[in-house]
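K.L.:
Here you go, this is entry_0.tsv (TSV, C-alpha atoms and all ligand atoms).
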```
chain	number	residue	atom	x	y	z
A	4	MET	CA	18.58	350.99	114.86
A	5	SER	CA	21.44	350.40	117.28
A	6	LYS	CA	24.54	352.55	116.91
A	7	LEU	CA	26.66	349.45	116.35
A	8	PHE	CA	24.37	348.16	113.58
A	9	LYS	CA	24.45	351.56	111.83
A	10	LEU	CA	28.24	351.59	112.01
A	11	SER	CA	28.59	348.13	110.52
A	12	LEU	CA	26.15	349.05	107.73
A	13	ALA	CA	28.27	352.08	106.93
A	14	ALA	CA	31.46	349.98	106.99
A	15	THR	CA	29.88	347.42	104.65
A	16	ALA	CA	28.86	350.20	102.25
A	17	VAL	CA	32.43	351.56	102.20
A	18	LEU	CA	33.86	348.08	101.61
A	19	MET	CA	31.37	347.38	98.83
A	20	ALA	CA	32.18	350.68	97.13
A	21	ALA	CA	35.90	349.94	97.34
A	22	GLY	CA	35.31	346.44	95.97
A	23	ALA	CA	33.16	347.78	93.15
A	24	GLN	CA	35.84	350.30	92.30
A	25	ALA	CA	38.60	347.69	92.28
A	26	GLN	CA	36.50	345.44	90.05
A	27	ALA	CA	35.26	348.29	87.95
A	28	PHE	CA	38.50	348.92	86.05
A	29	PRO	CA	38.16	349.01	83.14
A	30	ALA	CA	34.63	350.35	83.13
A	31	LYS	CA	34.92	352.03	79.71
A	32	PRO	CA	37.07	351.71	76.58
A	33	ILE	CA	40.82	352.18	76.94
A	34	THR	CA	42.68	354.30	74.38
A	35	LEU	CA	46.05	352.97	73.32
A	36	ILE	CA	48.17	355.70	71.76
A	37	VAL	CA	50.52	354.61	68.96
A	38	PRO	CA	52.95	357.42	68.11
A	39	PHE	CA	53.43	356.24	64.50
A	40	ALA	CA	51.31	355.71	61.39
A	41	ALA	CA	48.79	352.89	61.12
A	42	GLY	CA	50.00	349.64	59.56
A	43	GLY	CA	53.66	350.05	60.61
A	44	PRO	CA	55.78	348.13	63.14
A	45	THR	CA	54.62	349.92	66.32
A	46	ASP	CA	51.00	349.89	65.17
A	47	LYS	CA	51.19	346.15	64.44
A	48	VAL	CA	52.48	345.24	67.89
A	49	ALA	CA	49.99	347.61	69.55
A	50	ARG	CA	46.99	346.19	67.71
A	51	ASP	CA	48.03	342.59	68.40
A	52	LEU	CA	48.59	343.52	72.04
A	53	ALA	CA	45.22	345.28	72.32
A	54	GLU	CA	43.57	342.11	71.08
A	55	ALA	CA	45.53	339.90	73.50
A	56	MET	CA	44.88	342.15	76.51
A	57	ARG	CA	41.10	342.08	76.05
A	58	LYS	CA	40.65	338.65	77.65
A	59	PRO	CA	42.64	339.34	80.85
A	60	LEU	CA	40.82	342.70	81.06
A	61	HIS	CA	37.44	340.92	80.97
A	62	GLY	CA	36.61	341.79	77.37
A	63	ALA	CA	37.48	345.49	77.62
A	64	THR	CA	37.47	347.51	74.44
A	65	ILE	CA	40.90	348.90	73.58
A	66	VAL	CA	40.90	351.54	70.86
A	67	VAL	CA	44.14	352.38	69.03
A	68	ASP	CA	44.81	356.09	68.45
A	69	ASN	CA	47.56	356.72	65.86
A	70	ALA	CA	48.95	360.06	67.00
A	71	ALA	CA	51.82	360.01	64.52
A	72	GLY	CA	54.54	362.51	63.68
A	73	ALA	CA	57.88	363.99	64.69
A	74	GLY	CA	59.59	360.66	65.31
A	75	SER	CA	57.02	359.56	67.94
A	76	THR	CA	57.23	362.70	70.07
A	77	ILE	CA	53.71	363.97	69.21
A	78	GLY	CA	51.92	360.82	70.38
A	79	THR	CA	54.20	360.27	73.35
A	80	ALA	CA	53.60	363.85	74.51
A	81	LYS	CA	49.84	363.31	74.10
A	82	ALA	CA	50.00	360.26	76.38
A	83	PHE	CA	52.19	362.19	78.84
A	84	ARG	CA	49.48	364.84	79.25
A	85	ALA	CA	46.54	362.41	79.42
A	86	PRO	CA	44.55	361.95	82.66
A	87	PRO	CA	46.30	359.35	84.84
A	88	ASP	CA	43.34	357.00	85.21
A	89	GLY	CA	44.40	353.96	83.20
A	90	TYR	CA	42.15	354.83	80.27
A	91	THR	CA	44.96	356.25	78.15
A	92	LEU	CA	48.02	354.07	77.58
A	93	LEU	CA	50.98	354.32	75.25
A	94	VAL	CA	52.92	351.78	73.22
A	95	ALA	CA	56.31	353.33	72.58
A	96	HIS	CA	59.67	352.05	71.40
A	97	ILE	CA	63.34	352.91	71.44
A	98	GLY	CA	62.31	356.48	70.51
A	99	MET	CA	61.47	356.89	74.21
A	100	ALA	CA	65.25	356.76	74.73
A	101	THR	CA	66.66	358.37	71.55
A	102	THR	CA	64.46	361.47	71.70
A	103	ALA	CA	65.95	362.36	75.09
A	104	THR	CA	69.17	363.19	73.22
A	105	LEU	CA	67.75	364.30	69.87
A	106	TYR	CA	65.18	366.84	71.09
A	107	ARG	CA	65.69	369.82	73.33
A	108	ASN	CA	62.08	369.46	74.47
A	109	PRO	CA	60.22	366.44	73.13
A	110	GLY	CA	57.13	367.42	75.16
A	111	PHE	CA	57.51	364.66	77.75
A	112	LYS	CA	60.00	363.26	80.23
A	113	TYR	CA	60.80	359.62	79.52
A	114	ASP	CA	61.32	358.90	83.23
A	115	GLU	CA	58.04	360.50	84.29
A	116	PHE	CA	55.71	357.83	82.96
A	117	GLU	CA	54.40	354.83	84.83
A	118	TYR	CA	56.25	351.92	83.25
A	119	LEU	CA	54.06	348.85	82.70
A	120	GLY	CA	56.75	346.73	81.08
A	121	MET	CA	58.52	345.71	77.93
A	122	ILE	CA	56.67	343.93	75.12
A	123	ASN	CA	59.03	342.70	72.41
A	124	GLU	CA	62.33	343.07	70.62
A	125	VAL	CA	62.49	343.39	66.85
A	126	PRO	CA	65.50	343.06	64.52
A	127	MET	CA	65.93	345.45	61.62
A	128	VAL	CA	66.79	344.83	57.97
A	129	VAL	CA	68.35	347.09	55.36
A	130	VAL	CA	65.98	347.02	52.41
A	131	GLY	CA	65.97	348.59	48.95
A	132	LYS	CA	63.39	349.59	46.35
A	133	PRO	CA	62.34	347.10	43.67
A	134	GLY	CA	64.76	346.98	40.78
A	135	LEU	CA	67.65	348.56	42.68
A	136	ALA	CA	70.85	347.59	40.84
A	137	ALA	CA	72.52	346.10	43.95
A	138	ASN	CA	71.82	342.45	44.76
A	139	ASN	CA	73.83	342.00	47.95
A	140	TRP	CA	75.38	344.08	50.69
A	141	ALA	CA	78.74	344.53	48.95
A	142	GLU	CA	77.01	345.81	45.82
A	143	LEU	CA	74.72	348.02	47.88
A	144	SER	CA	77.53	349.66	49.81
A	145	SER	CA	79.48	350.40	46.63
A	146	TRP	CA	76.28	351.66	44.93
A	147	ILE	CA	75.71	353.99	47.90
A	148	GLY	CA	79.32	355.17	47.68
A	149	GLN	CA	79.03	355.89	43.95
A	150	ASN	CA	75.65	357.62	44.18
A	151	LYS	CA	75.86	359.26	47.55
A	152	ASN	CA	74.55	362.59	46.30
A	153	LYS	CA	71.46	360.96	44.86
A	154	VAL	CA	70.54	358.22	47.32
A	155	ASN	CA	67.38	358.80	49.39
A	156	LEU	CA	67.13	357.09	52.74
A	157	ALA	CA	63.60	356.88	54.19
A	158	ASN	CA	62.88	356.98	57.91
A	159	ALA	CA	60.04	357.52	60.36
A	160	GLY	CA	61.32	360.85	61.68
A	161	LEU	CA	63.97	362.09	64.06
A	162	GLY	CA	64.09	359.60	66.92
A	163	ALA	CA	62.53	356.65	65.11
A	164	ALA	CA	64.22	353.27	64.93
A	165	SER	CA	64.76	353.72	61.19
A	166	HIS	CA	66.36	357.09	61.89
A	167	LEU	CA	68.75	355.60	64.46
A	168	CYS	CA	69.71	352.68	62.21
A	169	GLY	CA	70.09	355.01	59.22
A	170	LEU	CA	72.27	357.34	61.26
A	171	MET	CA	74.54	354.47	62.27
A	172	LEU	CA	74.68	353.21	58.68
A	173	GLN	CA	75.69	356.60	57.29
A	174	ASN	CA	78.24	356.99	60.02
A	175	ALA	CA	79.74	353.57	59.36
A	176	LEU	CA	79.78	354.09	55.58
A	177	LYS	CA	81.06	357.66	56.03
A	178	VAL	CA	78.37	359.16	53.80
A	179	GLU	CA	75.69	361.77	54.32
A	180	LEU	CA	72.55	360.81	52.43
A	181	THR	CA	69.34	362.71	51.80
A	182	THR	CA	66.92	361.45	54.42
A	183	VAL	CA	63.18	361.50	53.82
A	184	PRO	CA	61.13	361.48	57.03
A	185	TYR	CA	57.63	359.96	57.19
A	186	LYS	CA	55.07	359.60	59.99
A	187	GLY	CA	55.98	355.95	60.20
A	188	THR	CA	57.61	353.28	58.11
A	189	ALA	CA	54.21	352.13	56.79
A	190	PRO	CA	53.95	355.20	54.49
A	191	ALA	CA	57.72	355.03	53.92
A	192	MET	CA	57.29	351.41	52.72
A	193	THR	CA	54.59	352.54	50.27
A	194	ASP	CA	57.07	354.99	48.74
A	195	LEU	CA	59.89	352.43	48.76
A	196	LEU	CA	57.63	350.03	46.86
A	197	GLY	CA	56.83	352.83	44.43
A	198	GLY	CA	60.52	353.66	43.97
A	199	GLN	CA	60.18	357.25	45.31
A	200	VAL	CA	62.84	356.46	47.92
A	201	ASP	CA	65.79	354.11	47.53
A	202	ILE	CA	66.63	352.44	50.81
A	203	MET	CA	65.49	352.09	54.41
A	204	CYS	CA	66.49	350.27	57.56
A	205	ASP	CA	63.24	348.94	59.00
A	206	GLN	CA	61.89	346.45	61.51
A	207	THR	CA	61.20	342.92	60.30
A	208	THR	CA	57.58	343.32	61.44
A	209	ASN	CA	57.16	345.74	58.52
A	210	THR	CA	59.43	344.15	55.93
A	211	THR	CA	58.81	340.40	56.14
A	212	SER	CA	55.79	340.06	53.86
A	213	GLN	CA	57.35	342.40	51.28
A	214	VAL	CA	60.64	340.49	51.29
A	215	GLU	CA	58.83	337.14	51.17
A	216	GLY	CA	56.80	338.39	48.21
A	217	LYS	CA	60.07	339.55	46.56
A	218	LYS	CA	58.58	343.04	46.29
A	219	ILE	CA	61.64	344.72	47.81
A	220	LYS	CA	65.28	343.71	48.24
A	221	ALA	CA	66.86	342.80	51.59
A	222	TYR	CA	70.59	343.20	52.18
A	223	ALA	CA	71.66	342.73	55.81
A	224	VAL	CA	70.30	342.47	59.34
A	225	SER	CA	71.03	344.90	62.16
A	226	THR	CA	71.50	342.39	64.98
A	227	ALA	CA	74.75	340.85	66.21
A	228	LYS	CA	73.59	337.38	65.12
A	229	ARG	CA	72.05	336.27	61.84
A	230	LEU	CA	68.31	335.55	61.89
A	231	SER	CA	67.15	331.97	61.60
A	232	THR	CA	63.51	333.04	61.37
A	233	PRO	CA	61.61	334.25	59.43
A	234	VAL	CA	63.48	331.98	57.03
A	235	VAL	CA	63.50	334.54	54.24
A	236	TYR	CA	66.32	336.32	56.13
A	237	LYS	CA	68.45	333.30	56.93
A	238	ASP	CA	71.09	333.92	54.24
A	239	LEU	CA	71.49	337.62	54.97
A	240	PRO	CA	74.74	338.72	56.63
A	241	THR	CA	74.70	340.81	59.77
A	242	LEU	CA	75.94	344.37	59.24
A	243	ASP	CA	78.80	343.50	61.57
A	244	GLU	CA	79.83	340.58	59.32
A	245	ALA	CA	79.38	342.85	56.32
A	246	GLY	CA	82.12	345.06	57.67
A	247	LEU	CA	80.28	347.56	59.90
A	248	LYS	CA	82.03	346.33	63.03
A	249	GLY	CA	80.05	346.38	66.23
A	250	PHE	CA	76.73	347.17	64.52
A	251	ASP	CA	74.02	345.73	66.78
A	252	VAL	CA	70.55	347.27	66.89
A	253	SER	CA	67.35	345.64	68.02
A	254	ILE	CA	64.18	347.61	68.64
A	255	TRP	CA	62.12	347.15	71.80
A	256	HIS	CA	58.58	348.23	72.51
A	257	GLY	CA	57.05	348.91	75.92
A	258	LEU	CA	53.73	349.83	77.49
A	259	TYR	CA	53.33	353.00	79.58
A	260	ALA	CA	50.68	354.99	81.47
A	261	PRO	CA	50.65	358.64	82.53
A	262	LYS	CA	52.34	359.38	85.83
A	263	GLY	CA	50.01	359.20	88.81
A	264	THR	CA	47.85	356.33	87.52
A	265	PRO	CA	46.57	354.53	90.66
A	266	ALA	CA	48.68	351.57	91.82
A	267	ALA	CA	45.75	349.12	91.72
A	268	VAL	CA	45.04	350.05	88.09
A	269	LEU	CA	48.74	349.68	87.21
A	270	LYS	CA	48.78	346.22	88.79
A	271	THR	CA	45.69	345.17	86.78
A	272	LEU	CA	47.32	346.45	83.58
A	273	ASN	CA	50.69	344.84	84.30
A	274	ASP	CA	48.97	341.49	85.03
A	275	ALA	CA	47.02	341.84	81.78
A	276	LEU	CA	50.21	342.66	79.87
A	277	LYS	CA	51.95	339.57	81.29
A	278	ALA	CA	48.99	337.39	80.36
A	279	ALA	CA	48.83	338.88	76.86
A	280	LEU	CA	52.51	338.15	76.22
A	281	LYS	CA	51.81	334.47	76.93
A	282	ASP	CA	48.80	334.35	74.62
A	283	PRO	CA	49.76	331.77	71.95
A	284	ASP	CA	48.09	333.76	69.14
A	285	PHE	CA	50.00	336.91	70.09
A	286	VAL	CA	53.31	335.04	70.31
A	287	LYS	CA	52.71	333.29	66.99
A	288	LYS	CA	51.87	336.53	65.15
A	289	GLN	CA	54.90	338.33	66.60
A	290	GLU	CA	57.33	335.48	65.95
A	291	GLY	CA	56.03	335.07	62.42
A	292	LEU	CA	57.20	338.63	61.75
A	293	GLY	CA	60.61	338.16	63.38
A	294	ALA	CA	59.85	339.77	66.77
A	295	VAL	CA	60.81	338.15	70.07
A	296	VAL	CA	58.21	338.45	72.84
A	297	VAL	CA	59.92	339.15	76.18
A	298	ASN	CA	59.67	337.00	79.31
A	299	ASP	CA	58.09	337.98	82.65
A	300	ALA	CA	61.35	339.34	84.08
A	301	ARG	CA	61.46	342.01	81.37
A	302	VAL	CA	57.78	342.89	81.79
A	303	ASN	CA	58.64	343.96	85.32
A	304	PRO	CA	58.01	347.75	85.51
A	305	ALA	CA	61.09	348.54	87.64
A	306	GLU	CA	63.34	346.43	85.39
A	307	HIS	CA	61.98	348.08	82.28
A	308	LYS	CA	62.51	351.54	83.75
A	309	LYS	CA	66.14	350.67	84.52
A	310	PHE	CA	66.58	349.25	81.02
A	311	VAL	CA	65.21	352.41	79.35
A	312	ALA	CA	67.49	354.63	81.46
A	313	ALA	CA	70.46	352.54	80.26
A	314	GLU	CA	69.22	352.86	76.67
A	315	VAL	CA	69.14	356.67	77.02
A	316	THR	CA	72.83	356.55	77.97
A	317	LYS	CA	73.78	353.98	75.32
A	318	TRP	CA	72.05	355.62	72.34
A	319	GLY	CA	72.78	359.12	73.62
A	320	ALA	CA	76.49	358.38	73.16
A	321	VAL	CA	75.95	356.94	69.66
A	322	ILE	CA	73.81	359.90	68.57
A	323	LYS	CA	76.30	362.42	69.94
A	324	ALA	CA	79.17	360.60	68.24
A	325	ALA	CA	77.22	360.90	64.97
A	326	GLY	CA	77.02	364.63	65.62
A	327	GLN	CA	73.23	364.79	65.93
A	328	TYR	CA	71.84	366.11	69.15
A	329	ALA	CA	70.10	368.99	70.81
A	330	ASP	CA	72.56	370.77	73.08
B	401	LIG	N1	58.24	352.25	64.76
B	401	LIG	C1	58.05	353.09	63.60
B	401	LIG	C2	56.70	352.85	62.97
B	401	LIG	O1	55.90	352.15	63.53
B	401	LIG	C3	59.14	352.93	62.62
B	401	LIG	C4	60.49	353.36	63.16
B	401	LIG	O2	60.61	353.62	64.35
B	401	LIG	O3	61.40	353.39	62.38
B	401	LIG	O4	56.43	353.34	61.92
```
Take the structure in the file and give it back as structure tokens.
P.N.:
Amino acid sequence: MSKLFKLSLAATAVLMAAGAQAQAFPAKPITLIVPFAAGGPTDKVARDLAEAMRKPLHGATIVVDNAAGAGSTIGTAKAFRAPPDGYTLLVAHIGMATTATLYRNPGFKYDEFEYLGMINEVPMVVVGKPGLAANNWAELSSWIGQNKNKVNLANAGLGAASHLCGLMLQNALKVELTTVPYKGTAPAMTDLLGGQVDIMCDQTTNTTSQVEGKKIKAYAVSTAKRLSTPVVYKDLPTLDEAGLKGFDVSIWHGLYAPKGTPAAVLKTLNDALKAALKDPDFVKKQEGLGAVVVNDARVNPAEHKKFVAAEVTKWGAVIKAAGQYAD
């Protein structure tokens, strides 16, 4: 065999191996960590996303791992420590930003993940247990005022969206309620339905079917504008209109990978995320629950990283003003 022929055979082998590697991802199931309980808002978006990302990832299996607890820090820390090979991903939310202020050491650094992009934005609603005496926001706020030593406010742990909204509510109403933390708002909703807790501020993705079924009461929305959809919320005031001036909270979710995940794998995942967010079934399911799926510009990893850094500053100030932070 001539030297030249041997060389070109070797070069072809290297190229083929590289090609096989590039095509090979994903060659095994991907684990998608959800840092909250199954059946709740973060779990719902993650499971819908896993389904929608299968097609662009050539039918890959994506398995959801609910690593719930401590306001999302347990699962997020688990993803932070996972091998950076693209086979462990994380769906996280605003807790990525709030925990930076609330925890001395949450077990991860929010800015040391690979950012794949934002997924959605979800409004929140103040809801109450069945049979609660108050039928509108004015009645609810005076009921809270009169019963402040007895009212239980459920949340999904320190750093969760429901914790942040509840903190802002208490601050605005100038009350300190008994808070009851759960591993997610799915189990919190079970207890709200059972009357073990009184009120909660939760994402529409977890409240819509209960409000539509008149199983729980809804009082006000957390966003600056009223919601036109889902229609069950259309007559609810915003908390700002209801007198809590400047109240404006909307919960985002994003997709992340451990730091050091190869660039080619990140590109494949980002492309798959973009495709998934345009999947009509995904969009329909999300919109039906009140979530807004973001556009391509917000799926951009660098943009999302900038956005999260700004959220750390924004909510850090709110949390500190409410007197809750790790110094
Ligand atoms: N996202 C949480 C969950 O899925 C709820 C929260 O953050 O309040 O349970």
K.L.:
Got a sec to check which residues lie within 9 Å of ligand LIG 401 (chain B), using all atoms listed in the file, and send them as a PyMOL selection string?
P.N.:
chain A and resi 37-48+71+74-75+95-98+158-160+162-168+185-191+204-206+209+254+256
K.L.:
Could you tell me how far CA of Thr207 in chain A lies from CA of Met127 in chain A, in Å and to one decimal?
P.N.:
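CA of Met127 in chain A lies at a distance of 5.5 Å from CA of Thr207 in chain A.
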K.L.:
Between A:Gly246, A:Pro233, A:Pro133, A:Gly198, which is the closest to Lys217 in chain A once you count all atoms listed in the file?
P.N.:
A:Pro133
K.L.:
Could you check how far CA of Val125 in chain A sits from CA of Ala223 in chain A, in Å to one decimal?
P.N.:
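Interatomic distance here is 14.4 Å.
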K.L.:
Taking only C-alpha atoms into account, which of A:Asn108, A:Ser144, A:Asn123, A:Thr101 comes nearest Leu52 in chain A?
P.N.:
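Using only C-alpha atoms, Leu52 in chain A sits closest to A:Asn123.
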K.L.:
If I take CA of Lys153 in chain A and CA of Lys132 in chain A, how far is one from the other in Å, to one decimal?
P.N.:
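Answer for the CA of Lys153 in chain A to CA of Lys132 in chain A separation: 14.0 Å.
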K.L.:
Give the answer as one residue: which of A:Leu161, A:Val130, A:Ala100, A:His307 has the shortest atom-to-atom distance to Gly72 in chain A, using only C-alpha atoms?
P.N.:
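Ranking A:Leu161, A:Val130, A:Ala100, A:His307 by distance to Gly72 in chain A, first place goes to A:Leu161.
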